[in-house]
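Everything on this sheet refers to the single structure shown next.
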Amino acid sequence: MNRDELRKAVLEELSDVAPDIDMATFDDRASLQDEYDLDSMDLLNLAAAVHKRLGVNIPDQDYARMRCVADLLDYLQERA
Amino acid sequence: MSDFTMPSLGADMDAGRLVQWKVNVGDQVTRGQVIAAVETSKAVLDVEVFEDGVVEALYVEEGTEVDVGTPLARIGDGSGTGSPGPLTEAGSGPEVSSPETAPSATVAEVTAHDTEPDKASMEHQLSPSEAGAEESVPDSQASGRVPASPAARRKAREAGVDLSDIRGSGPDGAIVLRDLKKAGGERRQVPAGGGFDREQMRATIAAAMTRSKREIPHYYLATTVDLHAAERWLADYNQHQPPANRLLLAALFMKATALALARYPELNGHYGKEGFIAAGQVNLGMAVHLRGGGLVAPAITDTDKLSLPELMQRFQDLVRRARGGGLRLSEITGGTATVTALGDRGVDTVYGVIYPPQVAMIGIGRARPRPLAVGGGVAVRLAVDLTLAADHRVCDGHLGALFLNEIEQWLQQPEAL
């Protein structure tokens, strides 16, 4: 899966976790917590969705790598 | 046979709009079944029926604004199906209970209505000014016609819309008001899927919190809790779990709080006209922040009796529905105490405002590493500030302190939660 495909998959799952985020203007570098108001439960749900869809199990201690979508894509590219 | 009335919608919400019937006349219903969706200023809520029986009549059209206490439907043994009149006057007449009596407008009122059923029913039928304008029973079962609610039918007539051009999303594909709005109606509508009107939400929160601060003599306590044991236990637990089964610290906080509430009933219940009544169970509410501004505090039934994985699942489901739609009215009004947590990006300490008619609000600050005195030295430990805002009419700070310490004790032995 190339980065564009990964990004599409991640944004679809993110949109499911937080339906109120406007994906048309989404900024991959913006903090998911500070800019998009995701809380710890949202991040857990995103990790669960990524695990289910891409088979990558993000351990608790790696949640910091989910700061923004660009970071998450870097992380997933190393593993997916 | 009894009238099912619009139940209490929560603190300082006196009316709601019936947006959808989920049953038809003649349907068998069981206690706890969702029979209608009601839109309040906070959300669209699913409303459950309190008894088993047959829906004999639906008095209120979809799209109607209804005061708390207004008869909505008649539930009986099925023998009365077809007669359209309510046992008592529907609408905003003098029989409708005032906001002050609203929270208890269920069993007692229903019983009162039961005593003179047919007289009221007949009067209703005989009065052209009451019954003439609109029939109250959805006519979706009428043969040969496109199934639609009366309100949708009237609206379509007014707007010159042909119902056969519209796909219905109501029960059995019946056309309901919102289908007409999709088809080009003009009325303002709360966005689908749990959306809310921000101004109305603000006004509702303002009303409830003003009442709280005006009527409840709050006292406040705070304590800092070492989360070392909880953190280690949680890391160990989550390490062996896929993300979908992992727990958050919040689940431990809720369970510990629920267990402490079970031990200190003076903090768990409702304060009404007769004073404080302790609840027989712990239904812990959780203040859920809605992105875009706003707050709802739905509750989890019997929180203290759930295992941590069960509690976590219920918690996730509750947050999802709080933000996405599908909360039940009983979840909004059934809370016996509430937790507020500002989360990882919050502040160290949050002092809550009690959500009436409850008598306690437990605040959970941000868990972060802090220097703590440990065994004669200083150690950097994950720690959190727990607070309590409690009602001085019911208990004093001494009891509140015991309660907070009880939560702390539980958090020191997470394996026992």
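Going by the structure tokens order, chains are called A, B, ..., each with residues numbered from 1, while ligands are numbered from 1 in the order shown.
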
* Asked: Can you list, as number ranges by chain, every protein, DNA or RNA residue that comes within 10 Å of Tyr63 in chain A when you count only C-alpha atoms, leaving out same-chain residues fewer than 2 positions away?
  -> A: 40, 43-44, 47, 58-61, 65-67, 72

* To do: With a distance cut-off of 7 Å and only C-alpha atoms, select the neighbouring residues of Asp28 in chain A, excluding the residue or stretch itself and same-chain residues fewer than 6 positions from it, and output the selection as a PyMOL selection string.
  => chain A and resi 68-70

* Would you mind listing what lies within 10 Å of Thr303 in chain B as a list in words, with only C-alpha atoms counted and same-chain residues fewer than 3 positions away left out? => Met254, Lys255, Ala256, Thr257, Ala258, Leu259, Leu261, Ala262, Gln281, Val282, Asn283, Leu284, Gly285, Ala299, Ile300, Leu306, Ser307, Leu308, Glu310, Leu311, Arg314 and Phe315 of chain B

* **For Ile407 in chain B, the nearest of the candidates B:Gly363, B:Gly10, B:Pro217, B:Gly63, counting only C-alpha atoms** => B:Gly363

Quick one: everything within 10 Å of range 7-17 of chain A, counting only C-alpha atoms, minus sequence neighbours fewer than 6 positions away in the same chain. Send it as a PDB file with C-alpha atoms, in the first residue's frame.
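Just written: part.pdb:
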ATOM      1  CA  MET A   1       0.000   0.000   0.000  1.00  0.00           C
ATOM      2  CA  MET A  23     -12.013  16.087   5.574  1.00  0.00           C
ATOM      3  CA  PHE A  26      -7.844  18.332   6.360  1.00  0.00           C
ATOM      4  CA  ASP A  28      -2.005  16.265   7.804  1.00  0.00           C
ATOM      5  CA  LEU A  32      -5.125  15.657  16.119  1.00  0.00           C
ATOM      6  CA  LEU A  38      -9.575  14.341  19.549  1.00  0.00           C
ATOM      7  CA  MET A  41     -10.893   7.756  23.610  1.00  0.00           C
ATOM      8  CA  ASP A  42     -10.922   9.013  20.014  1.00  0.00           C
ATOM      9  CA  LEU A  43      -7.255   8.088  19.647  1.00  0.00           C
ATOM     10  CA  LEU A  44      -7.934   4.645  21.081  1.00  0.00           C
ATOM     11  CA  ASN A  45     -10.818   4.211  18.642  1.00  0.00           C
ATOM     12  CA  LEU A  46      -8.582   5.330  15.781  1.00  0.00           C
ATOM     13  CA  ALA A  47      -5.894   2.858  16.844  1.00  0.00           C
ATOM     14  CA  ALA A  48      -8.520   0.106  16.951  1.00  0.00           C
ATOM     15  CA  ALA A  49      -9.805   1.047  13.500  1.00  0.00           C
ATOM     16  CA  VAL A  50      -6.272   1.139  12.054  1.00  0.00           C
ATOM     17  CA  ARG A  53      -8.225  -2.256   8.666  1.00  0.00           C
ATOM     18  CA  LEU A  54      -4.453  -2.342   8.203  1.00  0.00           C
ATOM     19  CA  VAL A  69      -1.839  12.151  10.443  1.00  0.00           C
ATOM     20  CA  ALA A  70       1.551  12.732   8.759  1.00  0.00           C
ATOM     21  CA  LEU A  72       0.875   8.306  11.821  1.00  0.00           C
ATOM     22  CA  LEU A  73       1.481   7.647   8.106  1.00  0.00           C
ATOM     23  CA  LEU A  76       2.374   2.907   9.420  1.00  0.00           C
TER      24      LEU A  76
ATOM     25  CA  ARG B 320     -20.156   7.504  20.506  1.00  0.00           C
ATOM     26  CA  GLY B 324     -23.363  10.636  16.958  1.00  0.00           C
TER      27      GLY B 324
END

* Between A:Arg29, A:Asp34, A:Ala24, A:Asn2, which has the minimum distance to chain B (counting only C-alpha atoms)? ->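 The closest residue to chain B is A:Asp34.
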
Taking only C-alpha atoms into account, produce a table as a tab-separated table in which each residue of chain B with an atom at most 12 Å from an atom of chain A appears once, together with its shortest atom pair and the distance in Å to one decimal, ordered by chain and rising number.
residue	atom	partner	partner_atom	distance
B:Pro191	CA	A:Asp20	CA	11.4
B:Ala192	CA	A:Asp20	CA	11.9
B:Gly193	CA	A:Pro19	CA	9.9
B:Gly194	CA	A:Asp20	CA	10.9
B:Gly195	CA	A:Asp20	CA	9.5
B:Glu231	CA	A:Asp60	CA	11.6
B:Leu234	CA	A:Asp60	CA	9.9
B:Ala235	CA	A:Asp60	CA	7.6
B:Asp236	CA	A:Asp60	CA	10.2
B:Tyr237	CA	A:Asp60	CA	10.6
B:Asn238	CA	A:Asp60	CA	7.2
B:Gln239	CA	A:Pro59	CA	7.0
B:His240	CA	A:Pro59	CA	9.5
B:Gln241	CA	A:Pro59	CA	9.0
B:Pro242	CA	A:Asn57	CA	6.8
B:Pro243	CA	A:Ala48	CA	4.6
B:Ala244	CA	A:Ala48	CA	4.8
B:Asn245	CA	A:Ala48	CA	8.4
B:Arg246	CA	A:Leu44	CA	7.9
B:Leu247	CA	A:Leu44	CA	8.9
B:Leu248	CA	A:Met41	CA	7.5
B:Leu249	CA	A:Ser40	CA	9.6
B:Ala250	CA	A:Met41	CA	9.2
B:Ala251	CA	A:Met41	CA	10.5
B:Val288	CA	A:Asp39	CA	10.8
B:His289	CA	A:Asp39	CA	9.7
B:Leu290	CA	A:Asp37	CA	9.6
B:Arg291	CA	A:Asp37	CA	6.8
B:Gly292	CA	A:Asp20	CA	8.6
B:Gly293	CA	A:Asp37	CA	10.7
B:Met312	CA	A:Met41	CA	10.0
B:Gln313	CA	A:Met41	CA	11.1
B:Phe315	CA	A:Met41	CA	9.5
B:Gln316	CA	A:Met41	CA	7.4
B:Asp317	CA	A:Met41	CA	10.8
B:Leu318	CA	A:Met41	CA	11.5
B:Val319	CA	A:Met41	CA	8.7
B:Arg320	CA	A:Val17	CA	8.4
B:Arg321	CA	A:Val17	CA	11.5
B:Arg323	CA	A:Ala18	CA	8.7
B:Gly324	CA	A:Pro19	CA	8.0
B:Gly325	CA	A:Pro19	CA	11.5
B:Ala341	CA	A:Asp39	CA	11.1
B:Leu342	CA	A:Asp39	CA	9.5
B:Gly343	CA	A:Asp39	CA	7.0
B:Asp344	CA	A:Ser40	CA	7.1
B:Arg345	CA	A:Gln33	CA	8.0
B:Gly346	CA	A:Asp39	CA	10.3
B:Arg366	CA	A:Ser40	CA	11.5
B:Ala367	CA	A:Ser40	CA	11.9

I need the residues from that last selection saved to file as a PDB file, in the first residue's frame (with C-alpha atoms), if you can.
ATOM      1  CA  PRO B 191     -28.737  18.352  12.033  1.00  0.00           C
ATOM      2  CA  ALA B 192     -29.308  14.607  11.739  1.00  0.00           C
ATOM      3  CA  GLY B 193     -27.278  12.177  13.770  1.00  0.00           C
ATOM      4  CA  GLY B 194     -27.136  13.786  17.175  1.00  0.00           C
ATOM      5  CA  GLY B 195     -26.274  17.260  16.040  1.00  0.00           C
ATOM      6  CA  GLU B 231      -0.652   3.199  35.622  1.00  0.00           C
ATOM      7  CA  LEU B 234      -3.080  -0.554  33.111  1.00  0.00           C
ATOM      8  CA  ALA B 235       0.111  -0.743  31.028  1.00  0.00           C
ATOM      9  CA  ASP B 236       0.443  -4.415  31.865  1.00  0.00           C
ATOM     10  CA  TYR B 237      -3.186  -5.101  31.047  1.00  0.00           C
ATOM     11  CA  ASN B 238      -3.177  -3.186  27.746  1.00  0.00           C
ATOM     12  CA  GLN B 239       0.062  -4.746  26.590  1.00  0.00           C
ATOM     13  CA  HIS B 240      -1.757  -8.024  26.071  1.00  0.00           C
ATOM     14  CA  GLN B 241      -4.817  -6.530  24.426  1.00  0.00           C
ATOM     15  CA  PRO B 242      -5.546  -5.418  20.861  1.00  0.00           C
ATOM     16  CA  PRO B 243      -6.499  -1.713  20.684  1.00  0.00           C
ATOM     17  CA  ALA B 244     -10.205  -2.555  20.550  1.00  0.00           C
ATOM     18  CA  ASN B 245     -10.033  -4.199  23.985  1.00  0.00           C
ATOM     19  CA  ARG B 246      -7.758  -1.746  25.759  1.00  0.00           C
ATOM     20  CA  LEU B 247      -8.814   0.251  28.777  1.00  0.00           C
ATOM     21  CA  LEU B 248      -8.361   3.932  29.503  1.00  0.00           C
ATOM     22  CA  LEU B 249      -7.538   5.364  32.917  1.00  0.00           C
ATOM     23  CA  ALA B 250     -10.978   6.967  32.738  1.00  0.00           C
ATOM     24  CA  ALA B 251     -12.575   3.521  33.100  1.00  0.00           C
ATOM     25  CA  VAL B 288     -19.237  14.251  27.534  1.00  0.00           C
ATOM     26  CA  HIS B 289     -17.757  17.176  25.675  1.00  0.00           C
ATOM     27  CA  LEU B 290     -19.209  17.655  22.217  1.00  0.00           C
ATOM     28  CA  ARG B 291     -16.839  18.971  19.602  1.00  0.00           C
ATOM     29  CA  GLY B 292     -18.015  22.381  18.538  1.00  0.00           C
ATOM     30  CA  GLY B 293     -19.088  23.283  22.071  1.00  0.00           C
ATOM     31  CA  MET B 312     -15.100   0.512  29.090  1.00  0.00           C
ATOM     32  CA  GLN B 313     -17.349  -0.808  26.331  1.00  0.00           C
ATOM     33  CA  PHE B 315     -18.418   4.095  28.165  1.00  0.00           C
ATOM     34  CA  GLN B 316     -17.195   4.024  24.540  1.00  0.00           C
ATOM     35  CA  ASP B 317     -20.694   3.291  23.310  1.00  0.00           C
ATOM     36  CA  LEU B 318     -22.099   6.144  25.384  1.00  0.00           C
ATOM     37  CA  VAL B 319     -19.575   8.666  24.073  1.00  0.00           C
ATOM     38  CA  ARG B 320     -20.156   7.504  20.506  1.00  0.00           C
ATOM     39  CA  ARG B 321     -23.906   7.930  20.854  1.00  0.00           C
ATOM     40  CA  ARG B 323     -21.690  12.579  19.733  1.00  0.00           C
ATOM     41  CA  GLY B 324     -23.363  10.636  16.958  1.00  0.00           C
ATOM     42  CA  GLY B 325     -26.972  10.311  18.127  1.00  0.00           C
ATOM     43  CA  ALA B 341     -13.052  14.940  33.366  1.00  0.00           C
ATOM     44  CA  LEU B 342     -11.312  17.474  31.190  1.00  0.00           C
ATOM     45  CA  GLY B 343      -8.966  14.853  29.801  1.00  0.00           C
ATOM     46  CA  ASP B 344      -5.326  14.852  28.798  1.00  0.00           C
ATOM     47  CA  ARG B 345      -5.311  18.401  27.530  1.00  0.00           C
ATOM     48  CA  GLY B 346      -7.199  19.848  30.440  1.00  0.00           C
ATOM     49  CA  ARG B 366      -5.398  15.850  33.956  1.00  0.00           C
ATOM     50  CA  ALA B 367      -3.245  12.883  34.924  1.00  0.00           C
TER      51      ALA B 367
END

* **Who sits within 9 Å of range 263-269 of chain B, only C-alpha atoms, same chain under 3 positions skipped, as a ChimeraX atom specification** => /B:258-260,276-284,335-337,357-361,390-391,394-395,399-400,402-403,406

Selected residues written out with C-alpha atoms, as a compact mmCIF listing (two decimals), in the first residue's frame:
# COMPACT_ATOMS: atom_id res chain seq x y z
CA ALA B 258 -19.00 4.09 41.38
CA LEU B 259 -17.79 1.76 44.12
CA ALA B 260 -17.26 4.70 46.46
CA PHE B 276 -32.98 13.98 49.37
CA ILE B 277 -33.75 10.45 48.27
CA ALA B 278 -30.81 8.10 47.95
CA ALA B 279 -30.84 6.00 44.80
CA GLY B 280 -31.01 2.24 45.13
CA GLN B 281 -28.36 1.81 42.45
CA VAL B 282 -25.34 3.65 41.10
CA ASN B 283 -25.94 5.12 37.65
CA LEU B 284 -22.83 7.15 37.10
CA GLY B 335 -27.88 9.58 36.45
CA THR B 336 -27.47 9.44 40.23
CA ALA B 337 -24.14 11.33 40.32
CA PRO B 357 -31.43 17.05 40.89
CA GLN B 358 -28.21 15.15 41.67
CA VAL B 359 -26.17 16.07 44.74
CA ALA B 360 -22.57 15.33 43.76
CA MET B 361 -20.21 16.06 40.91
CA ALA B 390 -21.37 18.13 46.93
CA ASP B 391 -24.70 19.39 48.25
CA VAL B 394 -27.45 16.45 52.29
CA CYS B 395 -24.00 15.97 53.82
CA LEU B 399 -18.34 12.62 54.62
CA GLY B 400 -17.13 14.06 51.33
CA LEU B 402 -14.19 9.95 53.39
CA PHE B 403 -15.70 9.49 49.95
CA GLU B 406 -12.42 5.79 49.29

* Taking the chain letters and numbering used in this document, name the residues of range 159-311 of chain B that DSSP puts in helix (DSSP H, G or I), as a PyMOL selection string. => chain B and resi 159+163-165+171-173+177-182+198-215+228-239+243-245+249-263+265-267+303-305+308-311
